[in-house]
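Engineer: The following block contains the structure, expressed as structure tokens.
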Amino acid sequence: MGRQGQVAWELRRTLSVLGEVHALGRESLDPDDPSAWGRAVRELRPDMVVNAVAYTAVDLAETEPERAQRANAELPGEVSRAASQVGARMIHYSTDYVFDGTGTVPYREEDRTNPLGVYGRTKLLGEEAVLADDRHCVIRLCWVYGTRGRNFLLTVRRLAGEGKPLRIVSDQRGCPTWSRDIAEATGQAARQLLVARDAEGGLFHLASGGQTTWHGFASEILSLMESPSQAEAISTVEYPTPARRPAYSVLANDKFAARFGVRVPDWRGQVALALEG
Ligand SMILES: NC(=O)c1ccc[n+]([C@@H]2O[C@H](COP(=O)([O-])OP(=O)(O)OC[C@H]3O[C@@H](n4cnc5c(N)ncnc54)[C@H](OP(=O)(O)O)[C@@H]3O)[C@@H](O)[C@H]2O)c1
């Protein structure tokens, strides 16, 4: 599910070695009509559904809660039920925004959720809908970037290229995670879930190793670009946004690594690789 999103596009490349891939995007299905996505699954009868579709405009969600609800909660529910009906397994993505960010050590899957805004609340409802079938999987991600779409890495690269000033928040921590690594790890998980057809699914966290701040991430990008620009560190209160962000978003990877034998390396090396591509 999804065609042009950061993760969806990488999945189209990565999953193609496992079998025929049907990538359904907004050009053929309307995210405001969740039942249409369920119908598509019942018609296609796949072995596996990977859902990378979401209403990801975190700030806009505060003023469009019904649209966020449809895409983030109802659509995964429809798809999950349809997948179960045709005997397919499902992998669905969720987010660090289900947490309030008051943690100080990497969040584990069983930690208490407490979303701060519409996006996180609707994504949490989507998780619950998918996990109603214990053969399905939900993978929580954080700070996704890539070389396509709209994301922090591309914005910093563009602003630095234009010689624009960069004022970046330095009091939010997370793990920048490359969309390609997410797709590769998902491919490994999907293959194992298809082989062990009746094995349980569950809730998993997936992120690059290590952690940094947005300012640390920007500084690394500028250094790798050999840019003369410098990022000025500012605080969250100096950069007000309609939706509150969790101050601490670091996700612990141990459960995913133990189950699927895959661990995404430290974020710095992966950013360097992404920028080389
Ligand atoms: N980006 C992050 O930092 C981040 C962090 C944590 C979790 N996640 C989760 O990871 C998954 C993939 O996210 P992503 O970063 O690949 O997102 P993205 O680049 O914004 O792509 C969004 C995907 O959802 C589809 N979509 C459906 N309705 C939409 C709407 N109203 N507005 C925008 N897009 C809509 C798009 O369809 P088309 O393909 O037709 O364009 C696209 O495939 C999502 O479940 C998201 O919640 C993302």
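Residues in the structure tokens are numbered from 1 in each chain, the chains being A, B, ... in the order shown, and ligands are numbered from 1 in the order shown.
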Using only C-alpha atoms and all ligand atoms, determine which residues fall within 7 Å of ligand 1, then list them as a CSV table (one decimal) with all heavy atoms, in the first residue's frame.
Structural biologist:
chain,number,residue,atom,x,y,z
A,1,MET,N,0.9,-1.2,0.0
A,1,MET,CA,0.0,0.0,0.0
A,1,MET,C,0.9,1.2,0.0
A,1,MET,O,1.7,1.4,0.9
A,1,MET,CB,-0.9,0.0,1.3
A,1,MET,CG,-1.8,-1.2,1.4
A,1,MET,SD,-3.1,-1.0,0.2
A,1,MET,CE,-3.8,-2.6,0.2
A,2,GLY,N,0.7,2.1,-1.0
A,2,GLY,CA,1.6,3.3,-1.2
A,2,GLY,C,2.5,3.1,-2.4
A,2,GLY,O,2.9,2.0,-2.7
A,3,ARG,N,2.8,4.2,-3.1
A,3,ARG,CA,3.6,4.1,-4.2
A,3,ARG,C,4.8,5.1,-4.2
A,3,ARG,O,6.0,4.7,-4.4
A,3,ARG,CB,2.9,4.5,-5.5
A,3,ARG,CG,2.0,3.3,-6.1
A,3,ARG,CD,1.4,3.8,-7.4
A,3,ARG,NE,2.4,3.9,-8.5
A,3,ARG,CZ,2.8,2.8,-9.2
A,3,ARG,NH1,2.4,1.6,-8.8
A,3,ARG,NH2,3.7,3.0,-10.1
A,4,GLN,N,4.5,6.4,-3.8
A,4,GLN,CA,5.5,7.4,-3.9
A,4,GLN,C,6.0,7.9,-2.6
A,4,GLN,O,7.0,8.7,-2.6
A,4,GLN,CB,4.8,8.7,-4.6
A,4,GLN,CG,4.2,8.4,-6.0
A,4,GLN,CD,5.3,7.8,-7.0
A,4,GLN,OE1,6.5,8.0,-6.8
A,4,GLN,NE2,4.8,7.2,-8.0
A,5,GLY,N,5.5,7.4,-1.5
A,5,GLY,CA,6.0,7.8,-0.2
A,5,GLY,C,7.5,7.3,0.0
A,5,GLY,O,7.9,6.5,-0.8
A,6,GLN,N,8.1,7.9,1.0
A,6,GLN,CA,9.6,7.6,1.2
A,6,GLN,C,9.8,6.1,1.4
A,6,GLN,O,10.6,5.5,0.8
A,6,GLN,CB,10.1,8.2,2.5
A,6,GLN,CG,10.0,9.7,2.6
A,6,GLN,CD,10.7,10.1,3.9
A,6,GLN,OE1,11.9,10.1,3.9
A,6,GLN,NE2,9.9,10.4,4.9
A,7,VAL,N,8.9,5.5,2.2
A,7,VAL,CA,9.1,4.1,2.5
A,7,VAL,C,8.5,3.3,1.4
A,7,VAL,O,9.0,2.3,0.9
A,7,VAL,CB,8.5,3.7,3.9
A,7,VAL,CG1,8.5,2.2,4.1
A,7,VAL,CG2,9.2,4.5,5.0
A,8,ALA,N,7.3,3.7,0.9
A,8,ALA,CA,6.6,2.9,-0.1
A,8,ALA,C,7.5,2.7,-1.4
A,8,ALA,O,7.5,1.6,-1.9
A,8,ALA,CB,5.3,3.6,-0.5
A,25,GLY,N,-1.4,3.2,-4.9
A,25,GLY,CA,-1.2,4.5,-4.3
A,25,GLY,C,-2.4,5.4,-4.5
A,25,GLY,O,-3.5,4.9,-4.9
A,26,ARG,N,-2.2,6.7,-4.2
A,26,ARG,CA,-3.4,7.6,-4.2
A,26,ARG,C,-3.9,7.8,-5.6
A,26,ARG,O,-5.0,8.3,-5.8
A,26,ARG,CB,-3.0,8.9,-3.6
A,26,ARG,CG,-3.1,8.9,-2.1
A,26,ARG,CD,-2.7,10.2,-1.5
A,26,ARG,NE,-1.3,10.5,-1.7
A,26,ARG,CZ,-0.8,11.7,-1.2
A,26,ARG,NH1,-1.5,12.6,-0.7
A,26,ARG,NH2,0.5,11.8,-1.4
A,27,GLU,N,-3.1,7.5,-6.6
A,27,GLU,CA,-3.6,7.8,-8.0
A,27,GLU,C,-4.7,6.8,-8.4
A,27,GLU,O,-5.5,7.0,-9.2
A,27,GLU,CB,-2.5,7.7,-9.0
A,27,GLU,CG,-1.8,6.4,-9.3
A,27,GLU,CD,-1.1,5.8,-8.1
A,27,GLU,OE1,-0.5,6.5,-7.3
A,27,GLU,OE2,-1.2,4.5,-7.9
A,31,PRO,N,-7.4,7.7,0.0
A,31,PRO,CA,-7.2,7.4,1.4
A,31,PRO,C,-8.4,7.9,2.3
A,31,PRO,O,-8.5,7.5,3.4
A,31,PRO,CB,-6.0,8.2,1.8
A,31,PRO,CG,-5.3,8.5,0.5
A,31,PRO,CD,-6.4,8.6,-0.6
A,52,ALA,N,2.3,1.1,3.8
A,52,ALA,CA,3.1,2.3,4.1
A,52,ALA,C,2.3,3.6,3.8
A,52,ALA,O,2.9,4.7,3.8
A,52,ALA,CB,4.4,2.3,3.2
A,53,VAL,N,1.0,3.5,3.7
A,53,VAL,CA,0.2,4.6,3.5
A,53,VAL,C,-0.1,5.2,4.9
A,53,VAL,O,-0.5,4.5,5.8
A,53,VAL,CB,-1.1,4.2,2.8
A,53,VAL,CG1,-2.2,5.3,2.9
A,53,VAL,CG2,-0.8,3.9,1.3
A,54,ALA,N,-0.1,6.5,4.9
A,54,ALA,CA,-0.5,7.2,6.2
A,54,ALA,C,-0.7,8.7,5.9
A,54,ALA,O,-0.1,9.2,4.9
A,54,ALA,CB,0.6,7.1,7.3
A,55,TYR,N,-1.5,9.3,6.7
A,55,TYR,CA,-1.6,10.8,6.7
A,55,TYR,C,-0.5,11.3,7.6
A,55,TYR,O,-0.5,11.2,8.8
A,55,TYR,CB,-3.0,11.2,7.3
A,55,TYR,CG,-3.2,12.7,7.3
A,55,TYR,CD1,-4.1,13.2,6.3
A,55,TYR,CD2,-2.6,13.5,8.2
A,55,TYR,CE1,-4.3,14.6,6.3
A,55,TYR,CE2,-2.8,14.9,8.2
A,55,TYR,CZ,-3.7,15.4,7.2
A,55,TYR,OH,-3.9,16.8,7.2
A,56,THR,N,0.6,11.7,7.0
A,56,THR,CA,1.9,12.0,7.7
A,56,THR,C,2.1,13.5,8.0
A,56,THR,O,3.1,13.9,8.5
A,56,THR,CB,3.1,11.5,6.9
A,56,THR,OG1,3.0,12.0,5.6
A,56,THR,CG2,3.1,10.0,6.9
A,57,ALA,N,1.1,14.3,7.6
A,57,ALA,CA,1.3,15.8,7.8
A,57,ALA,C,0.9,16.1,9.2
A,57,ALA,O,-0.2,16.4,9.6
A,57,ALA,CB,0.4,16.6,6.8
A,67,ARG,N,-9.6,13.5,8.4
A,67,ARG,CA,-8.8,12.8,7.4
A,67,ARG,C,-7.7,12.0,8.0
A,67,ARG,O,-7.4,10.9,7.5
A,67,ARG,CB,-8.2,13.9,6.5
A,67,ARG,CG,-9.2,14.7,5.7
A,67,ARG,CD,-8.6,15.5,4.6
A,67,ARG,NE,-8.1,14.6,3.6
A,67,ARG,CZ,-7.1,14.9,2.8
A,67,ARG,NH1,-6.4,16.1,2.9
A,67,ARG,NH2,-6.7,14.1,1.8
A,71,ALA,N,-7.2,7.9,7.3
A,71,ALA,CA,-6.0,7.3,6.7
A,71,ALA,C,-5.2,6.5,7.7
A,71,ALA,O,-4.6,5.5,7.3
A,71,ALA,CB,-5.1,8.3,6.0
A,92,HIS,N,2.5,-3.4,9.0
A,92,HIS,CA,2.0,-2.0,9.0
A,92,HIS,C,2.9,-1.2,9.8
A,92,HIS,O,3.6,-1.6,10.7
A,92,HIS,CB,0.6,-2.0,9.7
A,92,HIS,CG,0.0,-0.7,9.9
A,92,HIS,ND1,-0.4,0.2,9.0
A,92,HIS,CD2,-0.1,0.0,11.1
A,92,HIS,CE1,-0.8,1.3,9.5
A,92,HIS,NE2,-0.6,1.2,10.8
A,93,TYR,N,3.1,0.1,9.3
A,93,TYR,CA,4.1,1.0,10.0
A,93,TYR,C,3.3,1.9,11.0
A,93,TYR,O,2.3,2.5,10.7
A,93,TYR,CB,4.9,1.8,9.0
A,93,TYR,CG,5.7,1.0,8.1
A,93,TYR,CD1,5.4,0.8,6.8
A,93,TYR,CD2,6.9,0.3,8.6
A,93,TYR,CE1,6.2,0.0,6.0
A,93,TYR,CE2,7.6,-0.5,7.8
A,93,TYR,CZ,7.3,-0.6,6.5
A,93,TYR,OH,8.0,-1.4,5.7
A,94,SER,N,4.0,2.1,12.2
A,94,SER,CA,3.5,3.2,13.1
A,94,SER,C,4.7,4.1,13.4
A,94,SER,O,5.7,4.1,12.7
A,94,SER,CB,2.8,2.5,14.3
A,94,SER,OG,2.2,3.6,15.0
A,95,THR,N,4.6,4.8,14.5
A,95,THR,CA,5.4,5.9,14.8
A,95,THR,C,5.8,6.1,16.2
A,95,THR,O,5.1,5.7,17.1
A,95,THR,CB,4.7,7.2,14.3
A,95,THR,OG1,5.5,8.3,14.7
A,95,THR,CG2,3.3,7.3,14.8
A,96,ASP,N,6.9,6.7,16.4
A,96,ASP,CA,7.4,7.2,17.8
A,96,ASP,C,6.4,8.2,18.4
A,96,ASP,O,6.4,8.4,19.6
A,96,ASP,CB,8.8,7.8,17.7
A,96,ASP,CG,8.8,8.9,16.7
A,96,ASP,OD1,8.5,8.7,15.5
A,96,ASP,OD2,9.1,10.1,17.0
A,123,LYS,N,-2.6,7.2,14.7
A,123,LYS,CA,-1.7,6.1,14.4
A,123,LYS,C,-1.8,5.0,15.5
A,123,LYS,O,-1.7,3.8,15.1
A,123,LYS,CB,-0.2,6.6,14.4
A,123,LYS,CG,0.1,7.5,13.2
A,123,LYS,CD,0.1,6.8,11.8
A,123,LYS,CE,1.1,5.8,11.6
A,123,LYS,NZ,1.1,5.1,10.3
A,140,ARG,N,7.0,0.2,14.5
A,140,ARG,CA,7.1,1.6,14.7
A,140,ARG,C,8.4,2.1,14.2
A,140,ARG,O,9.5,1.5,14.5
A,140,ARG,CB,7.0,1.9,16.2
A,140,ARG,CG,5.6,1.6,16.8
A,140,ARG,CD,5.5,2.1,18.2
A,140,ARG,NE,4.3,1.8,18.9
A,140,ARG,CZ,4.2,1.3,20.1
A,140,ARG,NH1,5.3,1.1,20.8
A,140,ARG,NH2,3.0,1.1,20.6
A,141,LEU,N,8.4,3.3,13.6
A,141,LEU,CA,9.6,3.9,13.0
A,141,LEU,C,9.8,5.3,13.6
A,141,LEU,O,8.9,5.8,14.2
A,141,LEU,CB,9.4,4.1,11.5
A,141,LEU,CG,9.0,2.9,10.7
A,141,LEU,CD1,8.7,3.3,9.3
A,141,LEU,CD2,10.1,1.8,10.7
A,142,CYS,N,11.0,5.9,13.4
A,142,CYS,CA,11.1,7.3,13.8
A,142,CYS,C,12.1,8.0,12.9
A,142,CYS,O,12.9,7.4,12.3
A,142,CYS,CB,11.6,7.4,15.3
A,142,CYS,SG,13.3,7.1,15.6
A,143,TRP,N,11.9,9.3,12.8
A,143,TRP,CA,12.8,10.2,12.0
A,143,TRP,C,13.2,9.6,10.7
A,143,TRP,O,14.4,9.4,10.4
A,143,TRP,CB,14.0,10.5,12.9
A,143,TRP,CG,13.7,11.4,14.1
A,143,TRP,CD1,12.5,11.5,14.8
A,143,TRP,CD2,14.6,12.2,14.8
A,143,TRP,NE1,12.7,12.4,15.8
A,143,TRP,CE2,13.9,12.8,15.8
A,143,TRP,CE3,16.0,12.5,14.6
A,143,TRP,CZ2,14.6,13.7,16.7
A,143,TRP,CZ3,16.6,13.4,15.4
A,143,TRP,CH2,15.9,14.0,16.5
A,144,VAL,N,12.3,9.3,9.8
A,144,VAL,CA,12.6,8.7,8.5
A,144,VAL,C,13.1,9.7,7.5
A,144,VAL,O,12.5,10.8,7.4
A,144,VAL,CB,11.3,8.0,8.0
A,144,VAL,CG1,11.6,7.3,6.6
A,144,VAL,CG2,10.7,7.0,8.9
A,145,TYR,N,14.1,9.4,6.8
A,145,TYR,CA,14.6,10.2,5.8
A,145,TYR,C,15.0,9.4,4.6
A,145,TYR,O,15.1,8.1,4.7
A,145,TYR,CB,15.9,11.0,6.2
A,145,TYR,CG,17.1,10.2,6.4
A,145,TYR,CD1,18.0,9.9,5.4
A,145,TYR,CD2,17.4,9.6,7.7
A,145,TYR,CE1,19.1,9.0,5.5
A,145,TYR,CE2,18.4,8.7,7.8
A,145,TYR,CZ,19.3,8.5,6.8
A,145,TYR,OH,20.4,7.6,6.9
A,149,GLY,N,11.1,12.2,-1.9
A,149,GLY,CA,10.0,12.7,-1.0
A,149,GLY,C,10.3,13.9,-0.3
A,149,GLY,O,11.2,14.7,-0.7
A,150,ARG,N,9.6,14.1,0.8
A,150,ARG,CA,9.9,15.3,1.7
A,150,ARG,C,10.4,14.9,3.0
A,150,ARG,O,9.7,14.1,3.7
A,150,ARG,CB,8.5,16.1,1.9
A,150,ARG,CG,8.1,16.9,0.7
A,150,ARG,CD,6.6,17.0,0.8
A,150,ARG,NE,6.2,17.7,2.0
A,150,ARG,CZ,5.7,18.9,2.1
A,150,ARG,NH1,5.5,19.6,1.0
A,150,ARG,NH2,5.4,19.5,3.2
A,151,ASN,N,11.6,15.3,3.3
A,151,ASN,CA,12.2,14.9,4.6
A,151,ASN,C,13.3,15.8,5.0
A,151,ASN,O,13.7,16.7,4.2
A,151,ASN,CB,12.6,13.4,4.6
A,151,ASN,CG,13.7,13.2,3.5
A,151,ASN,OD1,14.8,13.6,3.7
A,151,ASN,ND2,13.4,12.5,2.5
Engineer: Show me a table, sorted first by chain and then by increasing residue number, of the residues of stretch 72-162 of chain A having an atom at most 12 Å from stretch 217-237 of chain A, each with its shortest atom pair and the distance in Å to one decimal, counting only C-alpha atoms and written as a Markdown table.
Structural biologist:
| residue | atom | partner | partner_atom | distance |
| --- | --- | --- | --- | --- |
| A:Trp143 | CA | A:Phe217 | CA | 10.2 |
| A:Val144 | CA | A:Phe217 | CA | 11.9 |
| A:Tyr145 | CA | A:Phe217 | CA | 10.9 |
| A:Asn151 | CA | A:Ala218 | CA | 11.9 |
| A:Phe152 | CA | A:Ala218 | CA | 8.2 |
| A:Leu153 | CA | A:Ile221 | CA | 7.1 |
| A:Leu154 | CA | A:Ile221 | CA | 9.6 |
| A:Thr155 | CA | A:Ala218 | CA | 9.7 |
| A:Val156 | CA | A:Ala218 | CA | 6.5 |
| A:Arg157 | CA | A:Ile221 | CA | 7.4 |
| A:Arg158 | CA | A:Leu222 | CA | 10.7 |
| A:Leu159 | CA | A:Ser229 | CA | 9.3 |
| A:Ala160 | CA | A:Ser229 | CA | 6.1 |
| A:Gly161 | CA | A:Ser227 | CA | 8.0 |
| A:Glu162 | CA | A:Ser229 | CA | 10.0 |
Engineer: Between A:Thr104, A:Thr122, A:Thr14, A:Thr212, which is the closest to A:Glu64 once you count only C-alpha atoms?
Structural biologist: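 When distances to A:Glu64 are compared using only C-alpha atoms, the smallest one comes from A:Thr122.
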Engineer: Point out the residue among A:Leu275, A:Ala196, A:Val86, A:Asn114 with the least atom-to-atom distance to A:Arg148, counting only C-alpha atoms.
Structural biologist: A:Leu275
Engineer: Could you check the closest approach to A:Leu29 for each of A:Gly187, A:Val41, A:Pro165, A:Ser84 and tell me which residue wins, using only C-alpha atoms?
Structural biologist: A:Val41
Engineer: In Å to one decimal, how far is atom CA of A:Leu131 from atom CA of A:Leu203?
Structural biologist: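 Atom-to-atom, atom CA of A:Leu203 to atom CA of A:Leu131, that is 7.8 Å.
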Engineer: Which is closest to A:Phe99 among A:Leu273, A:Val250, A:Ala183, A:Ala61, if we use only C-alpha atoms?
Structural biologist: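 Using only C-alpha atoms, the shortest distance to A:Phe99 belongs to A:Val250.
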Engineer: Determine which residues of stretch 45-240 of chain A receive a DSSP assignment of strand (DSSP E or B), computed from the backbone, and state them as a PyMOL selection string.
Structural biologist: chain A and resi 48-51+89-95+107+137-141+144-145+166-169+173-174+177-178+202-205+209+212-213+231-234
Engineer: Which of stretch 56-251 of chain A counts as alpha helix (DSSP H) under DSSP, as a ChimeraX atom specification please?
Structural biologist: /A:65-69,75-85,118-130,152-161,179-195,214-224
Engineer: Restricting the calculation to only C-alpha atoms, which member of A:Pro242, A:Ala185, A:Val118, A:Thr213 is positioned closest to A:Tyr97?
Structural biologist: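 For A:Tyr97, the nearest of the given residues is A:Val118.
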Engineer: Using only C-alpha atoms, I'd like a table of the residues in stretch 97-135 of chain A that come within 10 Å of stretch 246-249 of chain A; for each, show the closest atom pair and its distance in Å rounded to one decimal, ordered by chain and ascending number, as CSV.
Structural biologist:
residue,atom,partner,partner_atom,distance
A:Tyr97,CA,A:Pro246,CA,6.5
A:Val98,CA,A:Pro246,CA,8.8
A:Phe99,CA,A:Pro246,CA,6.8
A:Asp100,CA,A:Pro246,CA,5.1
A:Gly101,CA,A:Pro246,CA,4.0
A:Thr102,CA,A:Tyr248,CA,6.3
A:Gly103,CA,A:Tyr248,CA,6.1
A:Thr104,CA,A:Tyr248,CA,6.8
A:Val105,CA,A:Tyr248,CA,8.5
A:Pro106,CA,A:Ser249,CA,7.6
A:Tyr107,CA,A:Ser249,CA,7.4
A:Asn114,CA,A:Pro246,CA,9.9
A:Pro115,CA,A:Pro246,CA,8.4
A:Leu116,CA,A:Pro246,CA,7.4
A:Gly117,CA,A:Pro246,CA,9.8
A:Gly120,CA,A:Pro246,CA,10.0
Engineer: One number please: atom CA of A:Val50 to atom CA of A:Gly87, in Å, one decimal.
Structural biologist: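 Separation of atom CA of A:Val50 and atom CA of A:Gly87: 14.0 Å.
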